[in-house]
There are 2 protein chains.
Amino acid sequence: MEDKILLAHGSGGKLAHDLIAKSFVSALDNPLLAQMDDSAVFEANGQLAFTTDSYVVNPIFFPGGNIGKLAVCGTVNDLSMSGAKPLYLSLALIIEEGLFLSDLKQVVDAIRTTAEEASVKIITGDTKVVDRGSADRLFINTAGIGIIPEGVNISGSNARSGDKVILSGTIGDHGIAVLSKREGISFSTELESDCAPLASLVAEMLKVSRNIHCLRDPTRGGLATTLNELSEQSKVGIRIEEAKIPVRDEVFGACEMLGFDPLYVANEGKLVAIVAEEDAEKILKAMRRHPYGKNAVIIGEVISEHPGRVVMKTLLGSSRIVDMLTGDLLPRIC
Amino acid sequence: MEDKILLAHGSGGKLAHDLIAKSFVSALDNPLLAQMDDSAVFEANGQLAFTTDSYVVNPIFFPGGNIGKLAVCGTVNDLSMSGAKPLYLSLALIIEEGLFLSDLKQVVDAIRTTAEEASVKIITGDTKVVDRGSADRLFINTAGIGIIPEGVNISGSNARSGDKVILSGTIGDHGIAVLSKREGISFSTELESDCAPLASLVAEMLKVSRNIHCLRDPTRGGLATTLNELSEQSKVGIRIEEAKIPVRDEVFGACEMLGFDPLYVANEGKLVAIVAEEDAEKILKAMRRHPYGKNAVIIGEVISEHPGRVVMKTLLGSSRIVDMLTGDLLPRIC
């Protein structure tokens with residue numbers, strides 16, 4: 001009995017207090033969280049970024065990470081994509097009755113480690129427990145607050161004709177790694193999720209240039225959907241070259257086999273940057289010096305023709321329109 | 001097909017964009033949300049409060065509210081309990097495949113109405129869809145940011161011997177209303193949840209006094225658990241009088257029948273205030289002028305004896321220790 005989550009762990013009573021004290025407050029130790037009031041209180045002055053995501057990935061453990069690491073990375077990255085320095089996260093868990101406490105511990109350990117890497121503090125939280133069958137093991141929500149340095153103005157609507165489009169590395173790793181675990185597909189080499197917090201990569205980019213117009217992490221819907229969003233928001237066209245887009249052999253092979261297009265497969269440790277042409281090389285170099293940007297490459301440019309559309313020069317030399325994802329390619333990938 | 005949520009609504013692709021544009025951005029219309037970047041950006045200066053809660057209430061519609069109203073009230077109230085003026089909320093939904101769009105609309109309508117009443121703006125959000133059987137209709141997370149006015153210092157650790165304990169109204173209404181709907185119990189008069197945003201009540205209280213030491217909303221675990229938390233955090237004793245605690249006849253009757261103690265039943269529109277003795281009457285009067293505080297009453301006081309313990313003078317005149325909730329009285333009440 002003792003090594004599993006019970007409904008009473010979500011009651012707000014004694015067991016809930018014990019779980020919070022033992023599993024969260026001591027593991028994620030910081031003075032703001034330890035205050036244990038209904039809200040955490042902090043001082044801030046300036047432009048703040050605020051974001052939220054829920055994580056329902058299935059399975060909760062996958063090669064290269066787990067739902068806890070993902071929940072920190074995803075929200076840290078959403079803040080980073082606004083140019084913000086991530087400061088604080090909230091952490092809210094919905095746990096299915098019967099979850100092993102050892103699994104919960106592993107998830108919380110990943111949360112702690114990833115938050116440390118990203119220099120964010122988890123300062124407020126919530127735990128709910130639902131009866132068996134009313135959820136699938138564990139769902140996590142994180143919301144995040146970051147501060148935007150002065151002079152930084154990054155938005156999906158800032159792309160301008162002539163800008164360069166930089167991709168920070170290979171695409172499709174996360175989606176295929178999760179899928180392979182879920183479906184029991186094995187590769188000759190272990191393919192891992194790219195799940196990573198990109199705050200320090202963005203900080204390095206901002207050190208060399210403030211001419212970064214758009215940043216976005218191509219998660220659900222993949223690179224294709226992200227580029228479509230940016231072209232729509234900025235009312236510009238985007239032209240990319242298929243030959244420039246890095247895809248691992250394992251991902252390419254799995255996509256061939258399963259009938260997926262890597263352009264639509266989710267990433268959790270990659271970003272797309274749309275930057276002023278004159279600073280593109282400088283930014284690219286800064287990215288390549290960082291472990292999470294070492295395979296960064298310019299994949300295309302922003303054009304004034306066909307606003308709201310993404311076109312790709314294919315490997316065969318023809319051009320095709322790359323549309324937003326339709327349907328449900330890979331459910332519960334994040 | 002069209003009137004239900006599909007897995008593709010959570011894909012990040014076209015259907016997801018349509019759902020977000022139609023169901024959320026237009027319904028919850030504000031310029032920060034409409035920006036549609038990965039984070040919402042706002043300007044803030046001072047002491048900020050940050051909080052989060054997930055809502056898994058079953059059923060999602062209950063007398064006096066629904067999960068959407070609850071998700072706004074709960075987080076607004078957690079901010080208010082720090083003395084903060086609530087400013088912004090995030091809104092993250094986990095939807096089970098098959099949810100009727102008409103039900104979703106009703107929930108979002110309640111979110112809009114309640115957010116308007118509480119003067120908060122929903123500025124960022126997320127939607128996930130999980131396959132049938134992996135969640136129970138709809139779970140909602142809201143995180144909230146508020147600003148703490150200068151000179152306000154409210155915390156669960158601020159109670160001092162001699163302080164008065166004020167309760168804003170009847171207890172147990174929410175828990176029993178939800179339970180009655182879930183179990184199909186009917187009352188001669190309809191009992192409704194007390195679910196309400198308490199921001200304006202707290203604002204009125206702060207207008208007449210800054211000697212408010214602790215505020216807390218007695219949700220999960222009820223009044224008994226909240227008083228125990230406050231006595232532990234402040235390392236003081238709390239003495240209350242059973243005769244002073246207002247309980248509706250329907251709640252009393254249902255509790256008798258079901259073997260519950262109203263002291264442990266959840267509320268969603270009530271607060272406990274621990275205030276300096278000299279300002280207690282003034283604060284009480286301000287509360288009674290407000291619709292959500294019209295039944296406010298002083299139920300006890302803070303004492304230096306037995307720190308960390310709550311004692312109650314019972315209706316029969318004896319004294320008993322009121323402990324924190326143990327076990328799982330009423331799961332999925334919020």
# chains A, B, ... in the order shown; residues from 1 in each chain; ligands from 1

$ residues_around --residues "Asp323 (chain A)" --least-positions-apart "3" --cutoff "7 Å" --atoms "only C-alpha atoms" --output "number ranges by chain"
A: 224, 228, 310

$ interface_residues --of "chain A" --to "chain B" --cutoff "7 Å" --atoms "only C-alpha atoms" --output "PyMOL selection string"
chain A and resi 7-8+11-15+37-54+78-79+81-82+90+92+124-126+128+130+133-136+143+155-156+220-221+225+324-328+331-332

$ write_last_selection --atoms "N, CA and C atoms" --output "compact mmCIF listing (two decimals), in the first residue's frame"
# COMPACT_ATOMS: atom_id res chain seq x y z
N LEU A 7 -5.87 7.85 -3.17
CA LEU A 7 -6.75 9.01 -3.33
C LEU A 7 -6.51 10.04 -2.23
N ALA A 8 -6.23 9.56 -1.02
CA ALA A 8 -6.04 10.46 0.12
C ALA A 8 -4.84 11.39 -0.06
N SER A 11 -6.20 14.69 -0.98
CA SER A 11 -7.35 15.15 -0.19
C SER A 11 -7.17 16.53 0.40
N GLY A 12 -5.95 17.05 0.42
CA GLY A 12 -5.69 18.29 1.12
C GLY A 12 -5.39 18.07 2.59
N GLY A 13 -5.52 16.83 3.06
CA GLY A 13 -5.33 16.53 4.48
C GLY A 13 -3.91 16.07 4.80
N LYS A 14 -3.79 15.22 5.81
CA LYS A 14 -2.48 14.84 6.34
C LYS A 14 -1.58 14.17 5.33
N LEU A 15 -2.11 13.16 4.62
CA LEU A 15 -1.27 12.44 3.65
C LEU A 15 -0.80 13.38 2.55
N ASP A 37 2.52 29.23 1.42
CA ASP A 37 1.27 29.98 1.37
C ASP A 37 0.53 29.64 0.09
N ASP A 38 -0.66 30.24 -0.08
CA ASP A 38 -1.46 29.92 -1.26
C ASP A 38 -0.80 30.42 -2.55
N SER A 39 -0.01 31.47 -2.44
CA SER A 39 0.75 31.96 -3.59
C SER A 39 2.20 32.13 -3.16
N ALA A 40 3.10 32.03 -4.13
CA ALA A 40 4.48 32.40 -3.88
C ALA A 40 4.62 33.88 -4.22
N VAL A 41 5.47 34.58 -3.50
CA VAL A 41 5.61 36.02 -3.70
C VAL A 41 7.04 36.34 -4.12
N PHE A 42 7.19 37.14 -5.15
CA PHE A 42 8.53 37.53 -5.60
C PHE A 42 8.46 38.96 -6.13
N GLU A 43 9.64 39.56 -6.23
CA GLU A 43 9.76 40.95 -6.68
C GLU A 43 10.14 40.94 -8.16
N ALA A 44 9.50 41.78 -8.95
CA ALA A 44 9.87 41.85 -10.37
C ALA A 44 9.63 43.25 -10.91
N ASN A 45 10.48 43.64 -11.82
CA ASN A 45 10.34 44.95 -12.43
C ASN A 45 10.69 44.86 -13.90
N GLY A 46 9.74 45.16 -14.76
CA GLY A 46 10.03 45.16 -16.19
C GLY A 46 9.01 44.40 -17.00
N GLN A 47 9.45 43.97 -18.18
CA GLN A 47 8.61 43.21 -19.09
C GLN A 47 8.68 41.73 -18.71
N LEU A 48 7.56 41.17 -18.34
CA LEU A 48 7.55 39.77 -17.96
C LEU A 48 6.87 38.93 -19.04
N ALA A 49 7.33 37.68 -19.17
CA ALA A 49 6.68 36.71 -20.06
C ALA A 49 5.99 35.67 -19.18
N PHE A 50 4.84 35.20 -19.62
CA PHE A 50 4.02 34.26 -18.85
C PHE A 50 3.50 33.21 -19.82
N THR A 51 3.66 31.94 -19.46
CA THR A 51 3.23 30.88 -20.37
C THR A 51 2.81 29.64 -19.58
N THR A 52 2.09 28.75 -20.23
CA THR A 52 1.67 27.50 -19.57
C THR A 52 1.61 26.37 -20.58
N ASP A 53 1.84 25.15 -20.12
CA ASP A 53 1.62 23.95 -20.92
C ASP A 53 1.31 22.79 -20.00
N SER A 54 0.39 21.94 -20.46
CA SER A 54 0.17 20.67 -19.78
C SER A 54 0.88 19.59 -20.57
N ASP A 78 9.24 27.78 -23.96
CA ASP A 78 8.23 28.76 -24.37
C ASP A 78 8.60 30.17 -23.87
N LEU A 79 9.14 30.24 -22.67
CA LEU A 79 9.61 31.54 -22.17
C LEU A 79 10.79 32.03 -23.00
N MET A 81 11.51 31.42 -26.00
CA MET A 81 11.11 31.81 -27.36
C MET A 81 10.54 33.23 -27.41
N SER A 82 10.27 33.82 -26.24
CA SER A 82 9.93 35.24 -26.19
C SER A 82 11.16 36.07 -25.88
N SER A 90 5.61 27.19 -11.94
CA SER A 90 4.66 26.49 -11.08
C SER A 90 4.64 25.03 -11.54
N ALA A 92 2.08 21.61 -11.32
CA ALA A 92 0.81 21.03 -10.88
C ALA A 92 0.69 19.63 -11.45
N THR A 124 5.75 27.34 -6.68
CA THR A 124 4.38 27.09 -6.23
C THR A 124 3.90 25.82 -6.93
N GLY A 125 2.95 25.12 -6.31
CA GLY A 125 2.54 23.86 -6.91
C GLY A 125 1.19 23.38 -6.42
N ASP A 126 0.77 22.25 -6.99
CA ASP A 126 -0.53 21.68 -6.65
C ASP A 126 -0.49 20.19 -6.98
N LYS A 128 -3.20 16.90 -7.43
CA LYS A 128 -4.53 16.29 -7.41
C LYS A 128 -4.36 14.80 -7.68
N VAL A 130 -6.70 11.48 -8.92
CA VAL A 130 -8.00 11.03 -9.41
C VAL A 130 -8.06 9.51 -9.34
N GLY A 133 -8.32 4.91 -13.54
CA GLY A 133 -9.09 4.91 -14.78
C GLY A 133 -9.56 6.29 -15.20
N SER A 134 -9.40 7.29 -14.33
CA SER A 134 -9.83 8.65 -14.67
C SER A 134 -8.69 9.51 -15.21
N ALA A 135 -7.48 8.98 -15.21
CA ALA A 135 -6.35 9.65 -15.87
C ALA A 135 -5.39 8.55 -16.26
N ASP A 136 -4.33 8.89 -17.00
CA ASP A 136 -3.38 7.87 -17.43
C ASP A 136 -2.04 8.10 -16.73
N ALA A 143 3.46 26.28 -15.40
CA ALA A 143 3.37 27.63 -15.95
C ALA A 143 4.67 28.31 -15.60
N SER A 155 8.92 38.26 -31.50
CA SER A 155 7.53 37.83 -31.63
C SER A 155 7.36 37.13 -32.97
N GLY A 156 6.41 36.22 -33.02
CA GLY A 156 6.11 35.53 -34.26
C GLY A 156 5.66 36.46 -35.37
N ARG A 220 4.66 20.20 -31.03
CA ARG A 220 3.54 19.55 -31.73
C ARG A 220 3.35 20.15 -33.11
N GLY A 221 3.19 19.32 -34.10
CA GLY A 221 3.00 19.81 -35.46
C GLY A 221 4.32 19.98 -36.20
N THR A 225 4.62 23.03 -39.15
CA THR A 225 3.54 23.81 -38.52
C THR A 225 4.09 25.11 -37.94
N MET A 324 0.35 23.42 -42.98
CA MET A 324 0.25 23.13 -41.56
C MET A 324 -0.22 21.69 -41.39
N LEU A 325 0.11 21.08 -40.25
CA LEU A 325 -0.36 19.72 -39.97
C LEU A 325 -1.88 19.65 -40.01
N THR A 326 -2.39 18.64 -40.68
CA THR A 326 -3.83 18.34 -40.56
C THR A 326 -3.95 16.96 -39.93
N GLY A 327 -5.03 16.73 -39.22
CA GLY A 327 -5.24 15.42 -38.59
C GLY A 327 -4.36 15.25 -37.36
N ASP A 328 -4.30 14.03 -36.87
CA ASP A 328 -3.56 13.76 -35.64
C ASP A 328 -2.45 12.78 -35.91
N PRO A 331 -0.54 11.41 -31.51
CA PRO A 331 -1.12 11.95 -30.29
C PRO A 331 -0.24 11.71 -29.06
N ARG A 332 -0.41 12.56 -28.08
CA ARG A 332 0.24 12.43 -26.76
C ARG A 332 1.74 12.28 -26.84

$ select_by_dssp --residues "region 130-230 of chain B" --states "strand (DSSP E or B)" --output "list of chain:residue names"
B:Val130, B:Ala135, B:Leu138, B:Phe139, B:Ile140, B:Asn141, B:Thr142, B:Ala143, B:Gly144, B:Ile145, B:Gly146, B:Ile147, B:Ile148, B:Lys164, B:Val165, B:Ile166, B:Leu167, B:Ile212, B:His213, B:Cys214, B:Leu215, B:Arg216

$ residues_around --residues "Lys4 (chain B)" --least-positions-apart "2" --cutoff "10 Å" --atoms "only C-alpha atoms" --output "ChimeraX atom specification"
/B:1-2,6-7,9,97-104

$ write_last_selection --atoms "N, CA, C and O atoms" --output "mmCIF file, in the first residue's frame"
data_model
loop_
_atom_site.group_PDB
_atom_site.id
_atom_site.type_symbol
_atom_site.label_atom_id
_atom_site.label_comp_id
_atom_site.auth_asym_id
_atom_site.auth_seq_id
_atom_site.Cartn_x
_atom_site.Cartn_y
_atom_site.Cartn_z
ATOM 1 N N MET B 1 -19.846 13.896 -35.918
ATOM 2 C CA MET B 1 -18.412 14.059 -35.676
ATOM 3 C C MET B 1 -18.052 15.483 -35.248
ATOM 4 O O MET B 1 -17.324 15.698 -34.292
ATOM 5 N N GLU B 2 -18.642 16.461 -35.940
ATOM 6 C CA GLU B 2 -18.151 17.836 -35.735
ATOM 7 C C GLU B 2 -18.402 18.407 -34.346
ATOM 8 O O GLU B 2 -17.746 19.354 -33.954
ATOM 9 N N LEU B 6 -11.990 15.829 -31.057
ATOM 10 C CA LEU B 6 -11.233 14.727 -31.644
ATOM 11 C C LEU B 6 -9.788 14.812 -31.174
ATOM 12 O O LEU B 6 -9.339 15.875 -30.742
ATOM 13 N N LEU B 7 -9.066 13.718 -31.313
ATOM 14 C CA LEU B 7 -7.644 13.743 -30.956
ATOM 15 C C LEU B 7 -6.910 14.841 -31.719
ATOM 16 O O LEU B 7 -6.017 15.494 -31.185
ATOM 17 N N HIS B 9 -7.772 17.709 -32.400
ATOM 18 C CA HIS B 9 -7.898 19.036 -31.785
ATOM 19 C C HIS B 9 -6.716 19.342 -30.863
ATOM 20 O O HIS B 9 -6.510 20.485 -30.472
ATOM 21 N N GLU B 97 -10.930 12.901 -25.450
ATOM 22 C CA GLU B 97 -11.526 12.723 -26.771
ATOM 23 C C GLU B 97 -13.019 12.416 -26.611
ATOM 24 O O GLU B 97 -13.392 11.597 -25.774
ATOM 25 N N GLY B 98 -13.863 13.076 -27.385
ATOM 26 C CA GLY B 98 -15.293 12.791 -27.322
ATOM 27 C C GLY B 98 -16.100 13.816 -26.532
ATOM 28 O O GLY B 98 -17.330 13.788 -26.562
ATOM 29 N N LEU B 99 -15.431 14.735 -25.839
ATOM 30 C CA LEU B 99 -16.164 15.785 -25.112
ATOM 31 C C LEU B 99 -17.010 16.573 -26.100
ATOM 32 O O LEU B 99 -16.547 16.926 -27.186
ATOM 33 N N PHE B 100 -18.252 16.849 -25.735
ATOM 34 C CA PHE B 100 -19.093 17.657 -26.613
ATOM 35 C C PHE B 100 -18.580 19.090 -26.673
ATOM 36 O O PHE B 100 -18.260 19.684 -25.632
ATOM 37 N N LEU B 101 -18.528 19.632 -27.886
ATOM 38 C CA LEU B 101 -18.102 21.025 -28.034
ATOM 39 C C LEU B 101 -19.064 21.963 -27.309
ATOM 40 O O LEU B 101 -18.666 23.012 -26.815
ATOM 41 N N SER B 102 -20.342 21.567 -27.232
ATOM 42 C CA SER B 102 -21.313 22.408 -26.518
ATOM 43 C C SER B 102 -20.985 22.461 -25.016
ATOM 44 O O SER B 102 -21.147 23.505 -24.382
ATOM 45 N N ASP B 103 -20.496 21.347 -24.471
ATOM 46 C CA ASP B 103 -20.080 21.363 -23.060
ATOM 47 C C ASP B 103 -18.848 22.252 -22.877
ATOM 48 O O ASP B 103 -18.759 23.025 -21.920
ATOM 49 N N LEU B 104 -17.916 22.115 -23.820
ATOM 50 C CA LEU B 104 -16.713 22.946 -23.751
ATOM 51 C C LEU B 104 -17.087 24.427 -23.798
ATOM 52 O O LEU B 104 -16.557 25.253 -23.051
#

$ select_by_dssp --residues "region 48-271 of chain B" --states "alpha helix (DSSP H)" --output "PyMOL selection string"
chain B and resi 67-80+101-118+173-183+199-208+222-234+249-258

$ atom_distance --atom1 "CA of Val165 (chain A)" --atom2 "CA of Ala118 (chain A)"
25.0 Å

$ atom_distance --atom1 "CA of Gly74 (chain A)" --atom2 "CA of Phe252 (chain A)"
24.0 Å

$ closest_residue --among "B:Ile238, B:Met257, B:Val202, B:Val251" --to "Lys313 (chain B)" --atoms "only C-alpha atoms"
B:Ile238

$ atom_distance --atom1 "CA of Leu179 (chain A)" --atom2 "CA of Val72 (chain A)"
20.4 Å

$ residues_around --residues "region 23-28 of chain B" --least-positions-apart "3" --cutoff "6 Å" --atoms "only C-alpha atoms" --output "ChimeraX atom specification"
/B:19-20,112

$ closest_residue --among "A:Ala254, A:Gly65, A:Ala286, A:Glu301" --to "Ser186 (chain A)" --atoms "only C-alpha atoms"
A:Ala254

$ closest_residue --among "A:Pro307, A:Lys22, A:Pro63, A:Leu315" --to "Arg182 (chain A)" --atoms "only C-alpha atoms"
A:Pro63

$ closest_residue --among "B:Pro246, B:Pro262, B:Gly253, B:Pro197" --to "Lys69 (chain B)" --atoms "only C-alpha atoms"
B:Pro197

$ closest_residue --among "A:Thr314, A:Asn295, A:Ser209, A:Ser304" --to "Asn153 (chain A)" --atoms "only C-alpha atoms"
A:Ser209

$ closest_residue --among "B:Ser200, B:Asn267, B:Ser231, B:Ser168" --to "Arg288 (chain B)" --atoms "only C-alpha atoms"
B:Ser168
